[in-house]
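Inspection log for the structure reproduced underneath, given as structure tokens.
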Amino acid sequence: MMTGKTKRNITAITGFLLAIAFMFYLTGWHLPQEIILVISTIIAGFPILIKAIQALRMKAFSIELLVSIAIIGALFIGEYVESAIVSFLFLFGAYLEARTLEQTRSSLKKLMDMAPLEATVLRDGVRWTLPVEEVLIGDLVAIQSGEKVAIDGKVVSGQAFINEAAITGESVPANKKMEDTVYSGTMVDHGYIEVIAEKIGDDTTFSKIIELVEEAQESKTKTEKFLEKFAAIYTPAIIVVAVLVFLVTRNIEFTLTFLVIACPGALVISAPVSIVAGIGNGAKNGVLIKGGEIMEKLAKVNTIVFDKTGTITKGCPEVTDIRAFSMKEDDLLKIVAEAEVVSEHHLGQSIVKEAKTRSVPLSNKPDNVEIIKGNGIRARLAGHQLTVGNRKLMLGNGISISPEADAYAVDRERQGNTAIYVAVNRSVEGIISIADQIRPEAAEAIINLRAAGIKQIYMLTGDNRYTAELVASKLGIDHVFAEMLPEDKVTKVQQLKDEGLRVAMIGDGINDAPAIATADIGLAMGGSGSDVSMETADVVLMADKLDKFAHAYSLAQATVSNMKQNTFFAVGTVVLLLIGVILQKVFLASGMFIHELSVLIVILNAIRLVRYTSEKAWYNKPTSRNSATQQVREGV
């Protein structure tokens, strides 16, 4: 297989020979001109013929086969100018095609260039500069200004501003301090941190991103698969038709021109080049779209289903109030935090965080821990049976709730809090109130999604109906379903699909994984923080921001539209050229020139997607959009 450099050199040589042949033509020296044209044809045509033979050995009929037949035929009938120009134009077109296609893969190349090669490891007080392959889990890694982070891990010392564009697509540096997580492939703008390595090598988020983007760019859409099958039948069919054309017309030049014009080059690449460019744009903006087929499906979505906690809200809930009925507040907080240490849920971790903030010692370890997804947790702690969760969990375990406790919980819920009941030995001993903040970009993202064509927006949450309805009213969400278990969300998503809606489900990728997998398109927030989300979802929003969802949706629509434009243009060009051949207005060399030009136009059209921004898709007047956004934020 020829490298890009070899292809460039051969193209340059044949171009130089054609220039010399043209000079001989001007001086009237026909014999040297013809010799040079034949040499030029052989030099440029040989790699084309080799590629055609290689394809035949694989039992495939390639475009190179049609061009090779045309070149050999032109030489046979003495049309040396035509043979030389056709071979040169095809090779030159292939070279330009390869060069321009590189631009569509630039996002992946930039990601690869960001891969760290070395890390500074502190072992036994000694600094070692090691290749990243030799860093071990648990190593203490030192990173200073201008250096790349080589591992995923938590900051244990220092503070730094880190450019996380390789992971999230966000150019504004993030301030990282104690307990914050940093990711491989990011860059320390300024500062100094020491990090405990938790993920290394191929297990890092950065490595997984590269792997996902590579796989996505290699995957094929239904359109691509159809075009490949079409080309496999079309090419041999054209050869048969060309033979029939010759038998009818007895005009070899006309037949050869027909062969060249009928080449489906632009048609074959019309879909894949758009998909590669679209996926590259997504990767650059912190959106991982796992393949062309996902892109096509996402563009057809008309219904969005949101989870609430960690998706519409920030996922960093805080304890707002603790009400203890028969013990001290800190004692109530202590036993709940000791049980929730093992929980991965946002609410459980917020209780643990509050205990640490108040310096409440967590000394007891829970036994017989049972996490009830969507409801809460049960455990034995210091000889007592502890049940922590929502109202449904209490009633389901036969734990009665006093009118006082229920009235207090309802009041907190109406103020936008989640009320967590705490029962010790089947008696409700207190309520912990937790609140989460709506993401600042949520209102704008929902406005943009509606502008892009989303008809219905749902919110499914395990939270209480008061908090859910309050959030929905502020954001203008159409339908709200509260106090749902993970299996309830799956049932609802399936119901929407059964109604004929094309559904996208977006959640945090942990409790919502079953619903994400059930939807036509599954999206996960914050893939940088969850392996589950990267594995389950079709689209991962690495920046953990809802406006990236709006960008992904409009990008998918733009990519599919670009594919259609390319396909229509490619087919239209072939039809017009064939008409030109029949009317004897298009000939071998001019036909090849127009054919190669159509290929380049298709590629250049696709490259527009590399620089695509979702703002280009919004056709609403800015004043009306801003007004609508303000109304949503105010809860009107």
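In the structure tokens, chains take the letters A, B, ... in the order shown, each chain's residues start at 1, and ligands count up from 1 in the order shown.
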Which residues are close to Thr14 (chain A), i.e. within 10 Å by only C-alpha atoms, leaving aside same-chain residues fewer than 5 positions away? Reply as a ChimeraX atom specification. /A:9,19-20,36-37,39-45,84-85,87-89,91-92
Quick one: write out the picked residues with all heavy atoms as a tab-separated table (two decimals), in the first residue's frame?
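This went into again-v6.tsv:
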```tsv
chain	number	residue	atom	x	y	z
A	9	ASN	N	4.90	11.92	-4.31
A	9	ASN	CA	6.06	11.94	-5.22
A	9	ASN	C	5.70	11.49	-6.62
A	9	ASN	O	6.13	12.10	-7.61
A	9	ASN	CB	7.18	11.06	-4.65
A	9	ASN	CG	7.78	11.62	-3.37
A	9	ASN	OD1	7.66	12.83	-3.11
A	9	ASN	ND2	8.41	10.77	-2.58
A	19	ALA	N	3.85	18.39	-17.99
A	19	ALA	CA	4.27	19.75	-18.33
A	19	ALA	C	5.28	19.73	-19.48
A	19	ALA	O	5.20	20.55	-20.42
A	19	ALA	CB	4.86	20.45	-17.11
A	20	ILE	N	6.22	18.78	-19.43
A	20	ILE	CA	7.21	18.65	-20.51
A	20	ILE	C	6.52	18.25	-21.81
A	20	ILE	O	6.83	18.78	-22.90
A	20	ILE	CB	8.28	17.61	-20.14
A	20	ILE	CG1	9.11	18.11	-18.94
A	20	ILE	CG2	9.19	17.31	-21.32
A	20	ILE	CD1	10.13	17.10	-18.43
A	36	ILE	N	6.71	10.65	-23.84
A	36	ILE	CA	6.62	11.16	-22.46
A	36	ILE	C	5.24	10.88	-21.88
A	36	ILE	O	5.09	10.52	-20.70
A	36	ILE	CB	6.94	12.67	-22.43
A	36	ILE	CG1	8.42	12.89	-22.75
A	36	ILE	CG2	6.61	13.25	-21.05
A	36	ILE	CD1	8.81	14.33	-22.91
A	37	LEU	N	4.19	11.03	-22.70
A	37	LEU	CA	2.84	10.75	-22.24
A	37	LEU	C	2.66	9.29	-21.84
A	37	LEU	O	2.01	8.97	-20.85
A	37	LEU	CB	1.81	11.13	-23.32
A	37	LEU	CG	1.59	12.63	-23.56
A	37	LEU	CD1	0.69	12.85	-24.77
A	37	LEU	CD2	0.99	13.29	-22.32
A	39	ILE	N	5.11	7.26	-20.87
A	39	ILE	CA	5.89	7.06	-19.63
A	39	ILE	C	5.09	7.57	-18.43
A	39	ILE	O	5.01	6.93	-17.37
A	39	ILE	CB	7.25	7.77	-19.73
A	39	ILE	CG1	8.12	7.11	-20.80
A	39	ILE	CG2	7.96	7.75	-18.37
A	39	ILE	CD1	9.41	7.86	-21.09
A	40	SER	N	4.50	8.75	-18.61
A	40	SER	CA	3.69	9.34	-17.52
A	40	SER	C	2.52	8.44	-17.16
A	40	SER	O	2.22	8.23	-15.99
A	40	SER	CB	3.17	10.72	-17.95
A	40	SER	OG	2.29	11.24	-16.99
A	41	THR	N	1.87	7.87	-18.19
A	41	THR	CA	0.73	6.97	-17.96
A	41	THR	C	1.16	5.74	-17.18
A	41	THR	O	0.46	5.31	-16.24
A	41	THR	CB	0.11	6.54	-19.30
A	41	THR	OG1	-0.33	7.70	-20.02
A	41	THR	CG2	-1.07	5.60	-19.07
A	42	ILE	N	2.30	5.17	-17.57
A	42	ILE	CA	2.79	3.95	-16.89
A	42	ILE	C	3.12	4.24	-15.43
A	42	ILE	O	2.75	3.48	-14.52
A	42	ILE	CB	4.02	3.38	-17.63
A	42	ILE	CG1	3.60	2.87	-19.01
A	42	ILE	CG2	4.66	2.26	-16.81
A	42	ILE	CD1	4.77	2.48	-19.90
A	43	ILE	N	3.81	5.37	-15.19
A	43	ILE	CA	4.20	5.72	-13.82
A	43	ILE	C	2.97	5.93	-12.94
A	43	ILE	O	2.89	5.42	-11.81
A	43	ILE	CB	5.10	6.97	-13.82
A	43	ILE	CG1	6.44	6.67	-14.49
A	43	ILE	CG2	5.32	7.47	-12.39
A	43	ILE	CD1	7.33	7.88	-14.67
A	44	ALA	N	2.01	6.70	-13.43
A	44	ALA	CA	0.83	7.01	-12.63
A	44	ALA	C	-0.16	5.85	-12.60
A	44	ALA	O	-0.85	5.62	-11.59
A	44	ALA	CB	0.13	8.26	-13.17
A	45	GLY	N	-0.23	5.10	-13.72
A	45	GLY	CA	-1.22	4.03	-13.82
A	45	GLY	C	-0.83	2.76	-13.10
A	45	GLY	O	-1.70	1.97	-12.72
A	84	ALA	N	-2.81	9.60	-20.15
A	84	ALA	CA	-1.92	10.28	-19.21
A	84	ALA	C	-2.72	11.18	-18.27
A	84	ALA	O	-2.50	11.20	-17.04
A	84	ALA	CB	-0.88	11.09	-19.97
A	85	ILE	N	-3.66	11.94	-18.83
A	85	ILE	CA	-4.43	12.88	-18.00
A	85	ILE	C	-5.33	12.13	-17.04
A	85	ILE	O	-5.46	12.49	-15.86
A	85	ILE	CB	-5.25	13.83	-18.90
A	85	ILE	CG1	-4.30	14.78	-19.65
A	85	ILE	CG2	-6.25	14.62	-18.07
A	85	ILE	CD1	-4.99	15.72	-20.60
A	87	SER	N	-4.94	9.05	-15.76
A	87	SER	CA	-4.15	8.42	-14.69
A	87	SER	C	-3.63	9.47	-13.71
A	87	SER	O	-3.65	9.27	-12.49
A	87	SER	CB	-2.99	7.62	-15.28
A	87	SER	OG	-2.17	8.44	-16.10
A	88	PHE	N	-3.18	10.62	-14.26
A	88	PHE	CA	-2.67	11.69	-13.40
A	88	PHE	C	-3.79	12.25	-12.50
A	88	PHE	O	-3.61	12.41	-11.29
A	88	PHE	CB	-2.07	12.81	-14.24
A	88	PHE	CG	-1.77	14.06	-13.46
A	88	PHE	CD1	-0.68	14.11	-12.59
A	88	PHE	CD2	-2.59	15.18	-13.56
A	88	PHE	CE1	-0.41	15.26	-11.86
A	88	PHE	CE2	-2.33	16.33	-12.83
A	88	PHE	CZ	-1.23	16.37	-11.97
A	89	LEU	N	-4.94	12.55	-13.10
A	89	LEU	CA	-6.04	13.14	-12.35
A	89	LEU	C	-6.54	12.20	-11.26
A	89	LEU	O	-6.85	12.62	-10.14
A	89	LEU	CB	-7.19	13.52	-13.28
A	89	LEU	CG	-6.98	14.77	-14.14
A	89	LEU	CD1	-8.14	14.95	-15.10
A	89	LEU	CD2	-6.82	16.01	-13.27
A	91	LEU	N	-4.83	9.78	-9.73
A	91	LEU	CA	-3.82	9.67	-8.68
A	91	LEU	C	-3.75	10.97	-7.87
A	91	LEU	O	-3.67	10.95	-6.63
A	91	LEU	CB	-2.45	9.37	-9.29
A	91	LEU	CG	-1.36	8.93	-8.31
A	91	LEU	CD1	-1.73	7.60	-7.67
A	91	LEU	CD2	-0.02	8.81	-9.03
A	92	PHE	N	-3.82	12.09	-8.57
A	92	PHE	CA	-3.78	13.38	-7.89
A	92	PHE	C	-5.01	13.55	-7.00
A	92	PHE	O	-4.92	14.03	-5.86
A	92	PHE	CB	-3.72	14.50	-8.92
A	92	PHE	CG	-3.59	15.88	-8.33
A	92	PHE	CD1	-2.57	16.18	-7.44
A	92	PHE	CD2	-4.51	16.87	-8.65
A	92	PHE	CE1	-2.45	17.45	-6.89
A	92	PHE	CE2	-4.39	18.14	-8.11
A	92	PHE	CZ	-3.36	18.43	-7.22
```
Region 52-63 of chain A surroundings by only C-alpha atoms, 10 Å radius, close-in-sequence under 2 positions cut, as an MDAnalysis selection string: chainID A and resid 1 46:50 65:69 231:237 239 259:260 262:265 268
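Considering the residues A:Gly291, A:Met459, A:Thr467, A:Gly158 and counting only C-alpha atoms, Pro272 (chain A) has its shortest atom-to-atom contact with A:Gly291.
Secondary structure of region 343-376 of chain A, helix (DSSP H, G or I) only (DSSP, backbone atoms): His346, Leu347, Gly348, Gln349, Ser350, Ile351, Val352, Lys353, Glu354, Ala355, Lys356 and Thr357 of chain A.
Proximity to Met187 (chain A) was assessed for A:Ile304, A:Leu386, A:Ile143, A:Leu256 counting only C-alpha atoms; the smallest distance is recorded for A:Ile143.
Residue nearest Asn285 (chain A) within the list A:Glu164, A:Ser590, A:Ser207, A:Thr27: A:Glu164 [criterion: smallest interatomic distance, only C-alpha atoms].
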When you look at Ala339 (chain A) with a cut-off of 8 Å (counting only C-alpha atoms), what residues show up, excluding the ones that are within fewer than 6 positions of it in the same chain? I need them as a ChimeraX atom specification. /A:365-366,369,377,379,381
When you look at Ala435 (chain A) with a cut-off of 10 Å (counting only C-alpha atoms), what residues show up, excluding the ones that are within fewer than 2 positions of it in the same chain? I need them as a VMD selection string. chain A and resid 309 313 315 to 321 347 350 412 to 413 415 to 419 433 437 to 438 467
Taking N, CA, C and O atoms for each residue, export the selection above as a CSV table (one decimal), in the first residue's frame.
```csv
chain,number,residue,atom,x,y,z
A,309,THR,N,-31.4,13.7,39.6
A,309,THR,CA,-30.2,13.9,40.4
A,309,THR,C,-29.0,13.5,39.7
A,309,THR,O,-28.8,12.4,39.2
A,313,THR,N,-29.8,18.2,37.9
A,313,THR,CA,-29.2,18.9,39.0
A,313,THR,C,-27.7,18.6,39.0
A,313,THR,O,-27.2,17.7,38.2
A,315,GLY,N,-25.7,17.1,41.0
A,315,GLY,CA,-25.2,15.8,41.5
A,315,GLY,C,-24.3,16.0,42.7
A,315,GLY,O,-23.6,15.1,43.1
A,316,CYS,N,-24.3,17.2,43.3
A,316,CYS,CA,-23.5,17.5,44.5
A,316,CYS,C,-24.5,18.0,45.6
A,316,CYS,O,-24.4,19.1,46.0
A,317,PRO,N,-25.4,17.1,46.0
A,317,PRO,CA,-26.4,17.6,47.0
A,317,PRO,C,-25.7,17.9,48.3
A,317,PRO,O,-24.7,17.3,48.7
A,318,GLU,N,-26.4,18.7,49.1
A,318,GLU,CA,-25.8,19.1,50.4
A,318,GLU,C,-26.9,18.9,51.5
A,318,GLU,O,-28.1,19.2,51.2
A,319,VAL,N,-26.5,18.6,52.7
A,319,VAL,CA,-27.4,18.5,53.8
A,319,VAL,C,-27.8,19.9,54.2
A,319,VAL,O,-27.0,20.7,54.5
A,320,THR,N,-29.1,20.1,54.2
A,320,THR,CA,-29.6,21.5,54.5
A,320,THR,C,-30.2,21.5,56.0
A,320,THR,O,-30.3,22.6,56.5
A,321,ASP,N,-30.6,20.4,56.5
A,321,ASP,CA,-31.2,20.4,57.8
A,321,ASP,C,-31.3,18.9,58.4
A,321,ASP,O,-31.4,18.0,57.6
A,347,LEU,N,-26.9,11.0,47.3
A,347,LEU,CA,-27.4,11.4,48.6
A,347,LEU,C,-26.7,10.8,49.8
A,347,LEU,O,-26.4,11.5,50.8
A,350,SER,N,-23.4,12.6,50.3
A,350,SER,CA,-23.6,13.9,50.8
A,350,SER,C,-23.7,13.9,52.3
A,350,SER,O,-23.2,14.8,53.0
A,412,ARG,N,-40.5,20.1,54.1
A,412,ARG,CA,-39.2,20.2,53.6
A,412,ARG,C,-39.2,19.9,52.1
A,412,ARG,O,-38.5,20.5,51.3
A,413,GLU,N,-40.0,18.9,51.7
A,413,GLU,CA,-40.1,18.5,50.3
A,413,GLU,C,-40.7,19.6,49.4
A,413,GLU,O,-40.2,19.9,48.3
A,415,GLN,N,-40.3,22.6,49.9
A,415,GLN,CA,-39.3,23.7,49.7
A,415,GLN,C,-38.1,23.2,48.8
A,415,GLN,O,-37.1,23.9,48.7
A,416,GLY,N,-38.3,22.0,48.2
A,416,GLY,CA,-37.3,21.6,47.2
A,416,GLY,C,-36.3,20.6,47.8
A,416,GLY,O,-35.3,20.4,47.2
A,417,ASN,N,-36.5,20.1,49.0
A,417,ASN,CA,-35.5,19.2,49.6
A,417,ASN,C,-36.0,17.7,49.4
A,417,ASN,O,-37.1,17.4,49.2
A,418,THR,N,-35.0,16.9,49.5
A,418,THR,CA,-35.3,15.4,49.6
A,418,THR,C,-35.2,15.0,51.0
A,418,THR,O,-34.2,15.3,51.7
A,419,ALA,N,-36.3,14.4,51.5
A,419,ALA,CA,-36.4,14.0,52.9
A,419,ALA,C,-35.9,12.6,53.1
A,419,ALA,O,-36.5,11.7,52.5
A,433,SER,N,-32.6,16.4,55.7
A,433,SER,CA,-33.1,17.1,54.5
A,433,SER,C,-31.8,17.3,53.6
A,433,SER,O,-30.8,17.8,54.1
A,437,GLN,N,-28.7,21.6,43.6
A,437,GLN,CA,-28.9,22.8,42.8
A,437,GLN,C,-29.1,22.4,41.3
A,437,GLN,O,-28.4,21.5,40.8
A,438,ILE,N,-30.0,23.1,40.7
A,438,ILE,CA,-30.2,22.8,39.2
A,438,ILE,C,-29.0,23.3,38.5
A,438,ILE,O,-28.4,24.4,38.8
A,467,THR,N,-40.4,17.9,45.1
A,467,THR,CA,-39.2,18.4,44.6
A,467,THR,C,-39.1,18.2,43.1
A,467,THR,O,-38.7,19.1,42.4
```
Can you pull out every residue from region 14-132 of chain A that DSSP, working from the backbone, puts in strand (DSSP E), and format the result as a PyMOL selection string? chain A and resi 118-123+126-131
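Proximity ranking of A:Thr303, A:Ser343, A:Asn281, A:Ser83 relative to Glu499 (chain A) places A:Thr303 first, based on only C-alpha atoms.
Compared by their closest atoms to Ser274 (chain A), and using only C-alpha atoms, the residues A:Glu354, A:Asp367, A:Glu34, A:Glu296 rank with A:Glu296 nearest.
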Which neighbours of Ala174 (chain A) fall inside 7 Å, counting only C-alpha atoms, when residues of the same chain fewer than 2 positions from it are skipped, and could you give them as a tab-separated table (two decimals) with N, CA, C and O atoms, in the first residue's frame?
```tsv
chain	number	residue	atom	x	y	z
A	161	PHE	N	-4.25	24.65	38.62
A	161	PHE	CA	-5.26	24.87	37.59
A	161	PHE	C	-4.91	23.96	36.42
A	161	PHE	O	-3.80	24.04	35.87
A	162	ILE	N	-5.86	23.10	36.06
A	162	ILE	CA	-5.60	22.06	35.06
A	162	ILE	C	-6.50	22.24	33.85
A	162	ILE	O	-7.73	22.40	33.98
A	163	ASN	N	-5.89	22.23	32.67
A	163	ASN	CA	-6.63	22.28	31.40
A	163	ASN	C	-7.13	20.88	31.09
A	163	ASN	O	-6.35	19.98	30.80
A	172	VAL	N	-11.52	26.28	29.69
A	172	VAL	CA	-11.25	27.01	30.94
A	172	VAL	C	-10.64	26.07	31.96
A	172	VAL	O	-11.22	25.02	32.29
A	176	LYS	N	-7.98	22.44	40.86
A	176	LYS	CA	-7.94	21.15	41.54
A	176	LYS	C	-7.18	21.27	42.86
A	176	LYS	O	-6.08	21.84	42.91
```
Which one of A:Tyr183, A:Val135, A:Ile193, A:Glu370 sits closest to Val155 (chain A) if you count only C-alpha atoms? A:Ile193
Which residues come within 9 Å of region 395-407 of chain A, counting only C-alpha atoms, excluding same-chain residues fewer than 3 positions away, as a PDB file with N, CA and C atoms, in the first residue's frame?
```pdb
ATOM      1  N   PHE A 325     -35.514  13.306  66.572  1.00  0.00           N
ATOM      2  CA  PHE A 325     -36.677  13.280  67.460  1.00  0.00           C
ATOM      3  C   PHE A 325     -36.341  12.843  68.887  1.00  0.00           C
ATOM      4  N   THR A 387     -32.485   1.504  59.114  1.00  0.00           N
ATOM      5  CA  THR A 387     -33.142   1.632  57.803  1.00  0.00           C
ATOM      6  C   THR A 387     -33.151   3.104  57.428  1.00  0.00           C
ATOM      7  N   ARG A 391     -39.838   7.547  51.930  1.00  0.00           N
ATOM      8  CA  ARG A 391     -41.103   7.149  52.548  1.00  0.00           C
ATOM      9  C   ARG A 391     -41.505   5.747  52.103  1.00  0.00           C
ATOM     10  N   LYS A 392     -41.295   5.429  50.826  1.00  0.00           N
ATOM     11  CA  LYS A 392     -41.671   4.124  50.284  1.00  0.00           C
ATOM     12  C   LYS A 392     -40.919   2.998  50.987  1.00  0.00           C
ATOM     13  N   VAL A 410     -42.969  16.530  54.544  1.00  0.00           N
ATOM     14  CA  VAL A 410     -43.709  17.132  53.431  1.00  0.00           C
ATOM     15  C   VAL A 410     -43.357  18.608  53.295  1.00  0.00           C
ATOM     16  N   ASP A 411     -43.242  19.293  54.427  1.00  0.00           N
ATOM     17  CA  ASP A 411     -42.887  20.714  54.392  1.00  0.00           C
ATOM     18  C   ASP A 411     -41.509  20.921  53.767  1.00  0.00           C
ATOM     19  N   ARG A 412     -40.544  20.073  54.149  1.00  0.00           N
ATOM     20  CA  ARG A 412     -39.190  20.182  53.576  1.00  0.00           C
ATOM     21  C   ARG A 412     -39.198  19.866  52.081  1.00  0.00           C
ATOM     22  N   TYR A 421     -35.629   9.575  55.626  1.00  0.00           N
ATOM     23  CA  TYR A 421     -36.076   9.067  56.923  1.00  0.00           C
ATOM     24  C   TYR A 421     -34.998   8.154  57.513  1.00  0.00           C
ATOM     25  N   ALA A 423     -34.625   5.293  60.461  1.00  0.00           N
ATOM     26  CA  ALA A 423     -35.320   4.434  61.429  1.00  0.00           C
ATOM     27  C   ALA A 423     -34.313   3.531  62.124  1.00  0.00           C
ATOM     28  N   ARG A 426     -36.794  -0.128  63.681  1.00  0.00           N
ATOM     29  CA  ARG A 426     -38.150   0.027  63.168  1.00  0.00           C
ATOM     30  C   ARG A 426     -38.891   1.234  63.753  1.00  0.00           C
ATOM     31  N   SER A 427     -38.159   2.172  64.314  1.00  0.00           N
ATOM     32  CA  SER A 427     -38.763   3.396  64.830  1.00  0.00           C
ATOM     33  C   SER A 427     -38.080   4.606  64.181  1.00  0.00           C
ATOM     34  N   VAL A 428     -38.849   5.504  63.558  1.00  0.00           N
ATOM     35  CA  VAL A 428     -38.282   6.681  62.897  1.00  0.00           C
ATOM     36  C   VAL A 428     -37.712   7.625  63.953  1.00  0.00           C
ATOM     37  N   GLY A 430     -35.465  10.233  63.085  1.00  0.00           N
ATOM     38  CA  GLY A 430     -35.103  11.537  62.563  1.00  0.00           C
ATOM     39  C   GLY A 430     -35.243  11.624  61.060  1.00  0.00           C
ATOM     40  N   ILE A 431     -35.072  12.847  60.553  1.00  0.00           N
ATOM     41  CA  ILE A 431     -35.155  13.102  59.109  1.00  0.00           C
ATOM     42  C   ILE A 431     -34.000  14.015  58.724  1.00  0.00           C
TER      43      ILE A 431
END
```
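You will find CA of Asp478 (chain A) at 5.4 Å from CA of Ile457 (chain A).
By chain and then residue number, the residues within 7 Å of Thr255 (chain A) are Ala242, Val245, Phe246, Asn251, Ile252, Glu253, Thr257, Phe258 and Leu259 of chain A, counting only C-alpha atoms and disregarding those fewer than 2 positions away in sequence.
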Let's have the selection written as a PDB file, in the first residue's frame, with N, CA and C atoms.
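Result file is part-v8.pdb:
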```pdb
ATOM      1  N   ALA A 242     -20.785  -1.496 -19.881  1.00  0.00           N
ATOM      2  CA  ALA A 242     -19.801  -0.914 -20.795  1.00  0.00           C
ATOM      3  C   ALA A 242     -19.555  -1.832 -21.992  1.00  0.00           C
ATOM      4  N   VAL A 245     -22.436  -1.412 -24.219  1.00  0.00           N
ATOM      5  CA  VAL A 245     -22.338  -0.114 -24.906  1.00  0.00           C
ATOM      6  C   VAL A 245     -21.401  -0.218 -26.108  1.00  0.00           C
ATOM      7  N   PHE A 246     -20.276  -0.903 -25.885  1.00  0.00           N
ATOM      8  CA  PHE A 246     -19.321  -1.056 -26.998  1.00  0.00           C
ATOM      9  C   PHE A 246     -19.914  -1.902 -28.125  1.00  0.00           C
ATOM     10  N   ASN A 251     -17.858   2.076 -30.471  1.00  0.00           N
ATOM     11  CA  ASN A 251     -17.040   3.270 -30.230  1.00  0.00           C
ATOM     12  C   ASN A 251     -16.275   3.057 -28.929  1.00  0.00           C
ATOM     13  N   ILE A 252     -14.983   2.682 -29.051  1.00  0.00           N
ATOM     14  CA  ILE A 252     -14.194   2.350 -27.875  1.00  0.00           C
ATOM     15  C   ILE A 252     -13.977   3.558 -26.970  1.00  0.00           C
ATOM     16  N   GLU A 253     -13.763   4.753 -27.558  1.00  0.00           N
ATOM     17  CA  GLU A 253     -13.534   5.951 -26.745  1.00  0.00           C
ATOM     18  C   GLU A 253     -14.794   6.307 -25.952  1.00  0.00           C
ATOM     19  N   THR A 257     -14.989   6.324 -21.893  1.00  0.00           N
ATOM     20  CA  THR A 257     -15.491   7.508 -21.197  1.00  0.00           C
ATOM     21  C   THR A 257     -16.644   7.137 -20.271  1.00  0.00           C
ATOM     22  N   PHE A 258     -17.508   6.261 -20.746  1.00  0.00           N
ATOM     23  CA  PHE A 258     -18.629   5.781 -19.932  1.00  0.00           C
ATOM     24  C   PHE A 258     -18.118   5.094 -18.670  1.00  0.00           C
ATOM     25  N   LEU A 259     -17.063   4.285 -18.811  1.00  0.00           N
ATOM     26  CA  LEU A 259     -16.479   3.592 -17.660  1.00  0.00           C
ATOM     27  C   LEU A 259     -16.003   4.575 -16.598  1.00  0.00           C
TER      28      LEU A 259
END
```
